[in-house]
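To be precise, the following lines are work.cif, and they hold mmCIF, C-alpha atoms.
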data_entry
#
loop_
_atom_site.label_atom_id
_atom_site.label_comp_id
_atom_site.auth_asym_id
_atom_site.auth_seq_id
_atom_site.Cartn_x
_atom_site.Cartn_y
_atom_site.Cartn_z
CA MET A 1 -70.42 19.09 12.44
CA ASN A 2 -70.51 22.16 10.17
CA ASP A 3 -68.06 24.19 12.32
CA ARG A 4 -64.95 22.56 10.86
CA PRO A 5 -65.54 23.59 7.20
CA TYR A 6 -66.42 27.09 8.37
CA PHE A 7 -63.19 27.26 10.35
CA HIS A 8 -61.18 26.24 7.26
CA GLN A 9 -62.86 28.94 5.21
CA ARG A 10 -61.93 31.57 7.77
CA TRP A 11 -58.32 30.35 7.84
CA PHE A 12 -57.83 30.64 4.12
CA TYR A 13 -59.63 33.99 3.88
CA ASN A 14 -57.10 36.62 2.77
CA SER A 15 -54.30 33.99 2.94
CA LYS A 16 -51.82 35.99 0.80
CA ALA A 17 -51.81 38.88 3.26
CA LYS A 18 -51.29 36.51 6.17
CA ILE A 19 -48.36 34.74 4.49
CA PHE A 20 -46.78 38.08 3.60
CA SER A 21 -47.12 39.26 7.20
CA LEU A 22 -45.53 36.03 8.46
CA LEU A 23 -42.55 36.30 6.07
CA THR A 24 -42.08 39.96 6.99
CA ALA A 25 -42.03 39.09 10.67
CA LEU A 26 -39.48 36.31 10.08
CA PHE A 27 -37.26 38.67 8.04
CA LEU A 28 -37.38 41.34 10.74
CA TRP A 29 -36.55 38.74 13.41
CA PHE A 30 -33.64 37.41 11.36
CA TYR A 31 -32.34 40.95 10.69
CA VAL A 32 -32.45 41.88 14.37
CA VAL A 33 -30.82 38.64 15.48
CA THR A 34 -28.04 38.72 12.87
CA ASP A 35 -27.26 42.33 13.75
CA ASN A 36 -26.21 41.27 17.24
CA GLN A 37 -22.55 40.53 18.10
CA PHE A 38 -21.43 36.90 18.32
CA ASP A 39 -18.27 34.85 18.83
CA HIS A 40 -17.96 32.01 16.32
CA THR A 41 -15.28 29.42 15.53
CA VAL A 42 -14.38 29.05 11.84
CA ASP A 43 -12.17 26.46 10.09
CA ILE A 44 -9.62 28.30 7.92
CA PRO A 45 -7.80 26.24 5.21
CA LEU A 46 -4.01 26.05 5.71
CA LYS A 47 -1.97 26.24 2.49
CA ILE A 48 1.71 25.45 1.97
CA VAL A 49 3.49 27.94 -0.32
CA ASN A 50 7.04 28.29 -1.64
CA MET A 51 8.03 24.68 -1.01
CA PRO A 52 11.79 24.41 -1.82
CA LYS A 53 12.38 22.62 -5.12
CA GLY A 54 13.26 18.96 -4.72
CA TRP A 55 11.99 18.79 -1.13
CA ILE A 56 8.84 17.35 0.44
CA LEU A 57 7.15 17.21 3.84
CA THR A 58 7.98 14.03 5.74
CA HIS A 59 4.58 14.22 7.44
CA PRO A 60 1.56 16.30 6.45
CA VAL A 61 0.58 19.40 8.38
CA PRO A 62 -3.03 20.08 9.45
CA SER A 63 -5.24 21.11 6.54
CA LYS A 64 -7.30 23.55 8.63
CA VAL A 65 -6.85 25.98 11.51
CA LYS A 66 -9.64 26.75 14.00
CA VAL A 67 -9.95 30.51 14.53
CA LEU A 68 -12.30 32.38 16.85
CA PHE A 69 -14.03 35.33 15.10
CA ARG A 70 -16.16 38.12 16.58
CA GLY A 71 -18.73 40.13 14.63
CA SER A 72 -22.35 40.60 13.76
CA GLY A 73 -24.39 37.57 12.83
CA LYS A 74 -24.86 38.61 9.21
CA ASN A 75 -21.16 39.36 8.76
CA LEU A 76 -20.18 36.04 10.30
CA LEU A 77 -22.66 34.37 7.97
CA SER A 78 -21.08 36.06 4.95
CA LEU A 79 -17.65 34.84 6.12
CA THR A 80 -18.76 31.30 5.30
CA TYR A 81 -18.80 32.09 1.57
CA ARG A 82 -15.47 33.96 1.40
CA ASP A 83 -12.27 32.42 0.01
CA LYS A 84 -10.26 32.73 3.21
CA PHE A 85 -7.01 30.90 3.98
CA ILE A 86 -3.72 30.96 5.89
CA GLU A 87 -0.44 30.64 4.00
CA LEU A 88 2.51 28.78 5.52
CA ASN A 89 5.58 30.11 3.74
CA LEU A 90 8.40 27.57 3.57
CA ARG A 91 10.85 29.74 1.63
CA GLN A 92 14.36 29.34 3.08
CA SER A 93 13.02 27.10 5.85
CA PRO A 94 15.49 24.71 7.52
CA ARG A 95 14.77 20.98 7.37
CA THR A 96 12.94 21.10 10.71
CA ARG A 97 11.19 24.20 11.95
CA ARG A 98 8.35 25.13 14.25
CA LEU A 99 6.22 27.88 12.69
CA PRO A 100 3.71 29.88 14.78
CA ILE A 101 0.22 30.57 13.38
CA THR A 102 -1.32 33.95 14.15
CA VAL A 103 -4.51 35.78 13.15
CA ASN A 104 -2.37 38.21 11.13
CA MET A 105 -1.66 35.40 8.65
CA ILE A 106 -5.34 35.07 7.64
CA LYS A 107 -6.05 36.22 4.08
CA GLY A 108 -9.37 36.79 2.32
CA ILE A 109 -11.02 39.07 4.89
CA PRO A 110 -11.75 42.53 3.39
CA SER A 111 -10.17 45.50 5.15
CA GLY A 112 -12.61 47.61 7.14
CA ASN A 113 -14.82 44.60 7.78
CA THR A 114 -16.47 44.47 11.18
CA ILE A 115 -15.44 40.82 11.54
CA ILE A 116 -12.49 40.53 13.94
CA PRO A 117 -10.30 37.40 14.23
CA VAL A 118 -9.84 37.15 17.99
CA ARG A 119 -7.36 34.27 18.36
CA VAL A 120 -6.15 30.99 16.90
CA ILE A 121 -7.64 28.10 18.82
CA GLU A 122 -5.70 25.21 17.28
CA PRO A 123 -3.10 24.52 16.18
CA GLU A 124 -1.22 27.55 17.49
CA SER A 125 1.94 26.35 15.70
CA VAL A 126 3.00 23.76 13.13
CA THR A 127 6.19 21.69 13.07
CA VAL A 128 7.49 21.39 9.52
CA ARG A 129 9.95 18.61 8.64
CA LEU A 130 11.40 18.59 5.13
CA ASP A 131 13.34 15.88 3.32
CA ARG A 132 14.61 15.29 -0.19
CA PHE A 133 12.02 13.97 -2.65
CA VAL A 134 13.16 10.61 -4.10
CA VAL A 135 11.75 7.91 -6.37
CA ARG A 136 12.63 4.21 -5.99
CA LYS A 137 11.54 0.87 -7.44
CA VAL A 138 10.48 -1.60 -4.72
CA PRO A 139 9.48 -5.28 -5.07
CA ILE A 140 5.96 -6.39 -4.14
CA ARG A 141 5.41 -9.20 -1.61
CA PRO A 142 2.20 -11.20 -2.14
CA GLU A 143 0.21 -11.89 1.03
CA ILE A 144 -1.89 -14.57 -0.68
CA HIS A 145 -2.24 -18.00 0.94
CA LEU A 146 -3.45 -20.93 -1.15
CA VAL A 147 -4.79 -24.15 0.39
CA THR A 148 -5.15 -26.75 -2.34
CA LEU A 149 -7.66 -29.56 -2.33
CA ASP A 150 -6.29 -33.00 -1.40
CA GLY A 151 -4.55 -34.53 -4.38
CA TYR A 152 -3.65 -31.14 -5.88
CA THR A 153 -0.59 -28.94 -5.60
CA GLN A 154 0.61 -25.46 -6.49
CA VAL A 155 3.06 -25.54 -9.36
CA GLY A 156 5.78 -22.88 -9.13
CA SER A 157 5.53 -19.57 -7.35
CA LEU A 158 2.61 -17.20 -7.35
CA VAL A 159 3.19 -14.69 -10.14
CA LEU A 160 2.54 -10.95 -9.79
CA GLN A 161 2.15 -8.62 -12.76
CA PRO A 162 3.88 -6.26 -12.29
CA ASP A 163 6.11 -7.55 -9.52
CA SER A 164 7.43 -4.15 -8.38
CA VAL A 165 6.09 -0.63 -7.82
CA ILE A 166 7.57 2.88 -7.97
CA VAL A 167 7.51 4.50 -4.53
CA SER A 168 7.99 8.26 -4.20
CA GLY A 169 8.22 10.49 -1.16
CA PRO A 170 10.66 11.66 1.54
CA ARG A 171 14.08 10.03 1.22
CA SER A 172 14.20 8.92 4.88
CA LEU A 173 10.92 7.03 4.49
CA VAL A 174 11.43 5.63 0.99
CA SER A 175 14.91 4.27 1.78
CA ALA A 176 13.52 2.33 4.76
CA ILE A 177 11.13 0.34 2.53
CA SER A 178 12.44 -3.05 1.37
CA GLU A 179 9.17 -4.36 -0.12
CA ILE A 180 5.50 -3.49 -0.46
CA PRO A 181 3.00 -6.15 0.74
CA THR A 182 -0.37 -6.78 -0.82
CA GLU A 183 -3.51 -7.05 1.26
CA LYS A 184 -3.96 -10.43 2.96
CA ARG A 185 -6.14 -12.97 1.16
CA GLU A 186 -6.72 -16.72 1.49
CA TYR A 187 -8.16 -19.25 -0.95
CA LYS A 188 -9.24 -22.70 0.21
CA ASN A 189 -9.87 -26.00 -1.62
CA VAL A 190 -8.16 -24.76 -4.78
CA LEU A 191 -8.03 -27.34 -7.61
CA LYS A 192 -7.24 -25.27 -10.70
CA GLU A 193 -5.38 -22.16 -11.81
CA ILE A 194 -6.46 -19.11 -9.88
CA GLN A 195 -5.99 -15.50 -10.89
CA GLY A 196 -7.34 -12.08 -10.07
CA LYS A 197 -6.57 -8.58 -8.88
CA ILE A 198 -5.36 -7.60 -5.43
CA SER A 199 -4.69 -4.23 -3.81
CA LEU A 200 -1.40 -3.14 -2.31
CA ARG A 201 -1.39 -2.36 1.38
CA PRO A 202 -1.78 1.45 1.59
CA PRO A 203 1.20 3.56 2.73
CA GLU A 204 1.33 4.22 6.46
CA VAL A 205 2.37 7.83 5.84
CA PRO A 206 0.31 10.09 3.49
CA THR A 207 3.47 11.64 2.01
CA LEU A 208 4.40 8.27 0.45
CA HIS A 209 2.89 7.52 -2.95
CA TYR A 210 2.76 4.40 -5.16
CA SER A 211 2.73 4.47 -8.96
CA PHE A 212 -0.30 2.12 -8.82
CA ASN A 213 -2.44 0.60 -6.07
CA SER A 214 -3.20 -2.94 -7.28
CA VAL A 215 -1.64 -5.80 -9.25
CA GLN A 216 -2.72 -8.91 -11.13
CA PHE A 217 -1.80 -12.32 -9.68
CA ARG A 218 -1.80 -15.89 -10.98
CA ALA A 219 -1.06 -19.26 -9.40
CA ASP A 220 -1.00 -22.58 -11.26
CA VAL A 221 -2.65 -25.49 -9.43
CA GLN A 222 -2.63 -29.03 -10.87
CA ARG A 223 -3.47 -32.57 -9.88
CA ILE A 224 -0.52 -34.33 -8.24
CA GLY A 225 1.21 -36.93 -10.40
CA GLU A 226 4.42 -38.97 -10.41
CA ARG A 227 7.07 -39.61 -13.00
CA VAL A 228 10.34 -41.56 -12.92
CA PHE A 229 13.46 -40.20 -14.62
CA LYS A 230 16.41 -42.49 -15.30
CA ASP A 231 20.05 -41.99 -16.25
CA ILE A 232 20.45 -38.56 -14.61
CA PRO A 233 24.19 -37.79 -14.80
CA ILE A 234 26.13 -36.92 -11.62
CA LYS A 235 28.31 -33.80 -11.77
CA VAL A 236 31.21 -33.18 -9.40
CA THR A 237 31.85 -29.59 -8.38
CA HIS A 238 34.85 -27.75 -6.88
CA VAL A 239 37.39 -30.19 -8.29
CA PRO A 240 41.01 -28.90 -8.21
CA SER A 241 42.46 -28.27 -11.66
CA ASN A 242 45.24 -30.85 -11.15
CA LEU A 243 42.84 -33.71 -10.46
CA LYS A 244 40.52 -35.82 -12.55
CA VAL A 245 37.47 -37.17 -10.72
CA SER A 246 34.86 -39.67 -11.85
CA VAL A 247 31.73 -40.98 -10.11
CA LEU A 248 30.69 -44.59 -9.55
CA PRO A 249 27.98 -45.13 -10.59
CA SER A 250 27.80 -42.15 -12.92
CA THR A 251 23.99 -41.79 -13.07
CA LEU A 252 20.91 -42.13 -10.90
CA SER A 253 17.16 -42.60 -11.25
CA ILE A 254 14.63 -40.55 -9.34
CA LYS A 255 10.87 -40.43 -8.80
CA LEU A 256 9.32 -36.95 -8.94
CA GLN A 257 5.99 -35.70 -7.62
CA GLY A 258 4.27 -32.55 -8.84
CA GLY A 259 1.60 -31.16 -11.12
CA VAL A 260 0.80 -33.63 -13.88
CA LYS A 261 1.00 -31.04 -16.66
CA PHE A 262 4.27 -29.68 -15.35
CA LEU A 263 5.79 -33.16 -15.02
CA ALA A 264 4.79 -33.95 -18.60
CA ARG A 265 6.79 -30.96 -19.86
CA LEU A 266 9.78 -31.59 -17.58
CA LYS A 267 13.05 -32.72 -19.21
CA LYS A 268 16.07 -34.54 -17.83
CA GLU A 269 18.09 -31.37 -18.25
CA ASN A 270 15.90 -29.72 -15.61
CA ILE A 271 17.13 -32.19 -12.98
CA VAL A 272 20.61 -31.47 -11.63
CA ALA A 273 22.47 -33.97 -9.43
CA THR A 274 25.81 -32.85 -7.99
CA ILE A 275 28.48 -33.92 -5.49
CA ASP A 276 30.75 -31.33 -3.87
CA PHE A 277 34.32 -32.68 -4.02
CA ARG A 278 35.15 -30.80 -0.80
CA SER A 279 32.57 -32.82 1.16
CA ARG A 280 34.20 -36.23 0.56
CA TYR A 281 35.98 -36.23 3.94
CA ARG A 282 32.71 -35.86 5.86
CA TYR A 283 31.45 -39.30 4.81
CA LYS A 284 32.91 -42.55 6.15
CA GLY A 285 33.75 -45.27 3.70
CA GLY A 286 33.78 -42.85 0.77
CA LYS A 287 30.04 -43.23 0.18
CA ILE A 288 28.63 -39.78 -0.66
CA PRO A 289 25.02 -38.78 -1.37
CA ALA A 290 24.21 -36.53 -4.32
CA MET A 291 22.54 -33.14 -3.98
CA ILE A 292 19.37 -32.90 -6.07
CA SER A 293 18.25 -29.57 -7.56
CA LEU A 294 14.73 -29.40 -9.03
CA PRO A 295 12.38 -26.75 -10.39
CA GLU A 296 10.25 -25.07 -7.72
CA GLY A 297 7.12 -26.97 -6.77
CA ILE A 298 8.58 -30.41 -7.53
CA ASP A 299 9.39 -33.02 -4.83
CA PHE A 300 11.38 -36.20 -5.20
CA SER A 301 11.66 -39.63 -3.61
CA ASP A 302 13.12 -43.06 -4.27
CA VAL A 303 16.58 -41.99 -5.48
CA LYS A 304 18.61 -44.96 -6.74
CA PRO A 305 21.36 -45.38 -5.85
CA GLN A 306 21.50 -43.20 -2.73
CA PHE A 307 25.30 -43.10 -2.37
CA PHE A 308 28.21 -42.74 -4.77
CA GLU A 309 31.97 -43.19 -4.77
CA LEU A 310 34.47 -40.67 -6.09
CA VAL A 311 37.46 -42.02 -8.01
CA VAL A 312 40.38 -39.57 -8.05
CA GLU A 313 43.15 -39.63 -10.67
CA ARG A 314 46.20 -37.37 -10.61
#

Represent the supplied structure as C-alpha cells.
Amino acid sequence: MNDRPYFHQRWFYNSKAKIFSLLTALFLWFYVVTDNQFDHTVDIPLKIVNMPKGWILTHPVPSKVKVLFRGSGKNLLSLTYRDKFIELNLRQSPRTRRLPITVNMIKGIPSGNTIIPVRVIEPESVTVRLDRFVVRKVPIRPEIHLVTLDGYTQVGSLVLQPDSVIVSGPRSLVSAISEIPTEKREYKNVLKEIQGKISLRPPEVPTLHYSFNSVQFRADVQRIGERVFKDIPIKVTHVPSNLKVSVLPSTLSIKLQGGVKFLARLKKENIVATIDFRSRYRYKGGKIPAMISLPEGIDFSDVKPQFFELVVER
C-alpha cells in the first residue's frame, strides 16, 4: 500500500532534468525528420492582373493552383508562411483565350532556395472569357404567395420597396436578365396587412452583382365587403368623327366586392364603363354589353342593365 507514494516520489525526483532531456530528444527528432527530402502539394493563390479597362470575366477562374514541391521538411514548412502566388496577366488578351499555367509563373519563392516546384497538378491551364462591363436597372418579381383567411381578400398588388435593382456584370449575362425574383415565401390564413423583408434570389453566376440583396414588401389585406354604385355613365369609344352616338340607357348600376376600407374610399370616377363602337356588329338585335374597368383587387356583380343600345346620328 505504501509502494504507490514511493513510486510517485521517484518519478518527480529531478523532474526538470527529465523534462529537458525529453524536449531535447523531441527537438533532435524533429530536426532530423525535417532535414529529409519530401514531395508536398501546396495550394498557390491565383491572381488576375492587368485586366483591360471596361472589361470583366464572364465566369470566374480558379482561385488556387495545386503545385507539387520538393524539398527538405523544414523548408517546405517555411513555405507555408511565405506570400507566394501566381499572376495571370490579361494585358492585350483576346476576349477568349486559354492560358497555360507553369511553375515558372510562381512568385514569392526566394532564389537559391532548396525548395523546387516540380509540376503544376491542377489546373494546368485556365480559359479566360472577357466581356464588356455593363450596369442595368432590372425590375424585381416577388415570389410571395398570400392565402387569405375566409372572408378576407388582398387589396391591390403586393408592393416592393424598391421595386427594381441595379445589376452589374458581363454584358452578355446582364442583357439576358429580364427580372430578378425574390426568394419563395408563403403566408397562410392572412387577415390583416402584412409586411416584412425578403431576400433576392442570389445570382447564378458569381460575376453578376446586385446593388442590394433584399427588399421591403407590403400587402394590404381587408375583410370582404360589398357596395352598390349607381348612375355610372357609359362611354362609347372609337366613334368616327362624322358620327354622333348616344347610349340607351346612358348609365348603369353595379355591385362591387372588395376590401371594406378600400370600398369606402372608392369613388364613382374610379369605375369606367365603356362600349367599343366597332363591336356593334358582333351583337344581334343591337344589344351590346358594357366593358367594366375597376381598380385592381375589386370584383363586380349584378350589373343593371346588362345590355345597351347605340343610337347613331349623322

Just checking: using all atoms listed in the file, which residue out of A:Pro110, A:Pro162, A:Pro305, A:Pro295 ends up closest to A:Thr251?
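Going through A:Pro110, A:Pro162, A:Pro305, A:Pro295 one by one, the smallest distance to A:Thr251 is for A:Pro305.
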
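Among A:Pro203, A:Gly169, A:Gly54, A:Gly259, the residue with the shortest atom-to-atom distance to A:Thr148, counting all atoms listed in the file, is A:Gly259.
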
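Rounded to one decimal, atom CA of A:Lys244 and atom CA of A:Asp231 lie 21.7 Å from each other.
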
Can you list, as number ranges by chain, every protein, DNA or RNA residue that comes within 12 Å of A:Lys53 when you count only C-alpha atoms, leaving out same-chain residues fewer than 6 positions away?
A: 90-93, 130-133

Given the file shown, determine the residues that the PyMOL selection byres ((chain A and resi 310) around 7) selects; report them as a PyMOL selection string.
chain A and resi 245-248+308-309+311-312

Selection from above, C-alpha atoms, as an mmCIF file, keeping the file's coordinate frame, can you write it?
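What landed in part10.cif:
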data_model
loop_
_atom_site.group_PDB
_atom_site.id
_atom_site.type_symbol
_atom_site.label_atom_id
_atom_site.label_comp_id
_atom_site.auth_asym_id
_atom_site.auth_seq_id
_atom_site.Cartn_x
_atom_site.Cartn_y
_atom_site.Cartn_z
ATOM 1 C CA VAL A 245 37.470 -37.170 -10.720
ATOM 2 C CA SER A 246 34.860 -39.670 -11.850
ATOM 3 C CA VAL A 247 31.730 -40.980 -10.110
ATOM 4 C CA LEU A 248 30.690 -44.590 -9.550
ATOM 5 C CA PHE A 308 28.210 -42.740 -4.770
ATOM 6 C CA GLU A 309 31.970 -43.190 -4.770
ATOM 7 C CA VAL A 311 37.460 -42.020 -8.010
ATOM 8 C CA VAL A 312 40.380 -39.570 -8.050
#

Nearest to A:Ser168: which of A:Lys184, A:Lys197, A:Arg227, A:Lys137 is it, counting only C-alpha atoms?
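Between A:Lys184, A:Lys197, A:Arg227, A:Lys137, the residue approaching A:Ser168 most closely is A:Lys137.
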
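Closest approach to A:Asp150 from the set A:Asn189, A:Thr58, A:Ser301, A:Ser279 is made by A:Asn189, with distances taken over only C-alpha atoms.
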
Using the chain letters and numbers from the file, give me the residues hit by the PyMOL selection byres ((chain A and resi 173) around 12), as a VMD selection string.
chain A and resid 56 to 59 130 to 136 167 to 172 174 to 178 203 to 209

Please write out, as lines of an AutoDock Vina configuration file, where the centre of an axis-aligned box around all listed atoms of stretch 168-183 of chain A lies and how long its edges are, in Å to one decimal, after adding 8 Å on each side.
center_x = 5.7
center_y = 2.3
center_z = 0.3
size_x = 34.4
size_y = 34.7
size_z = 25.1

With the file shown as input, list the residues that the PyMOL selection byres ((chain A and resi 42) around 9) selects, as a list in words.
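Applying the expression gives His40, Thr41, Asp43, Ile44, Val65, Lys66, Val67, Leu68, Phe69, Leu79 and Thr80 of chain A.
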
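For the atom pair formed by atom CA of A:Ala219 and atom CA of A:Leu266, the distance is 18.3 Å, given to one decimal.
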
Atom CA of A:Val159 to atom CA of A:Leu146, straight-line distance in Å
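These two atoms are separated by 12.8 Å.
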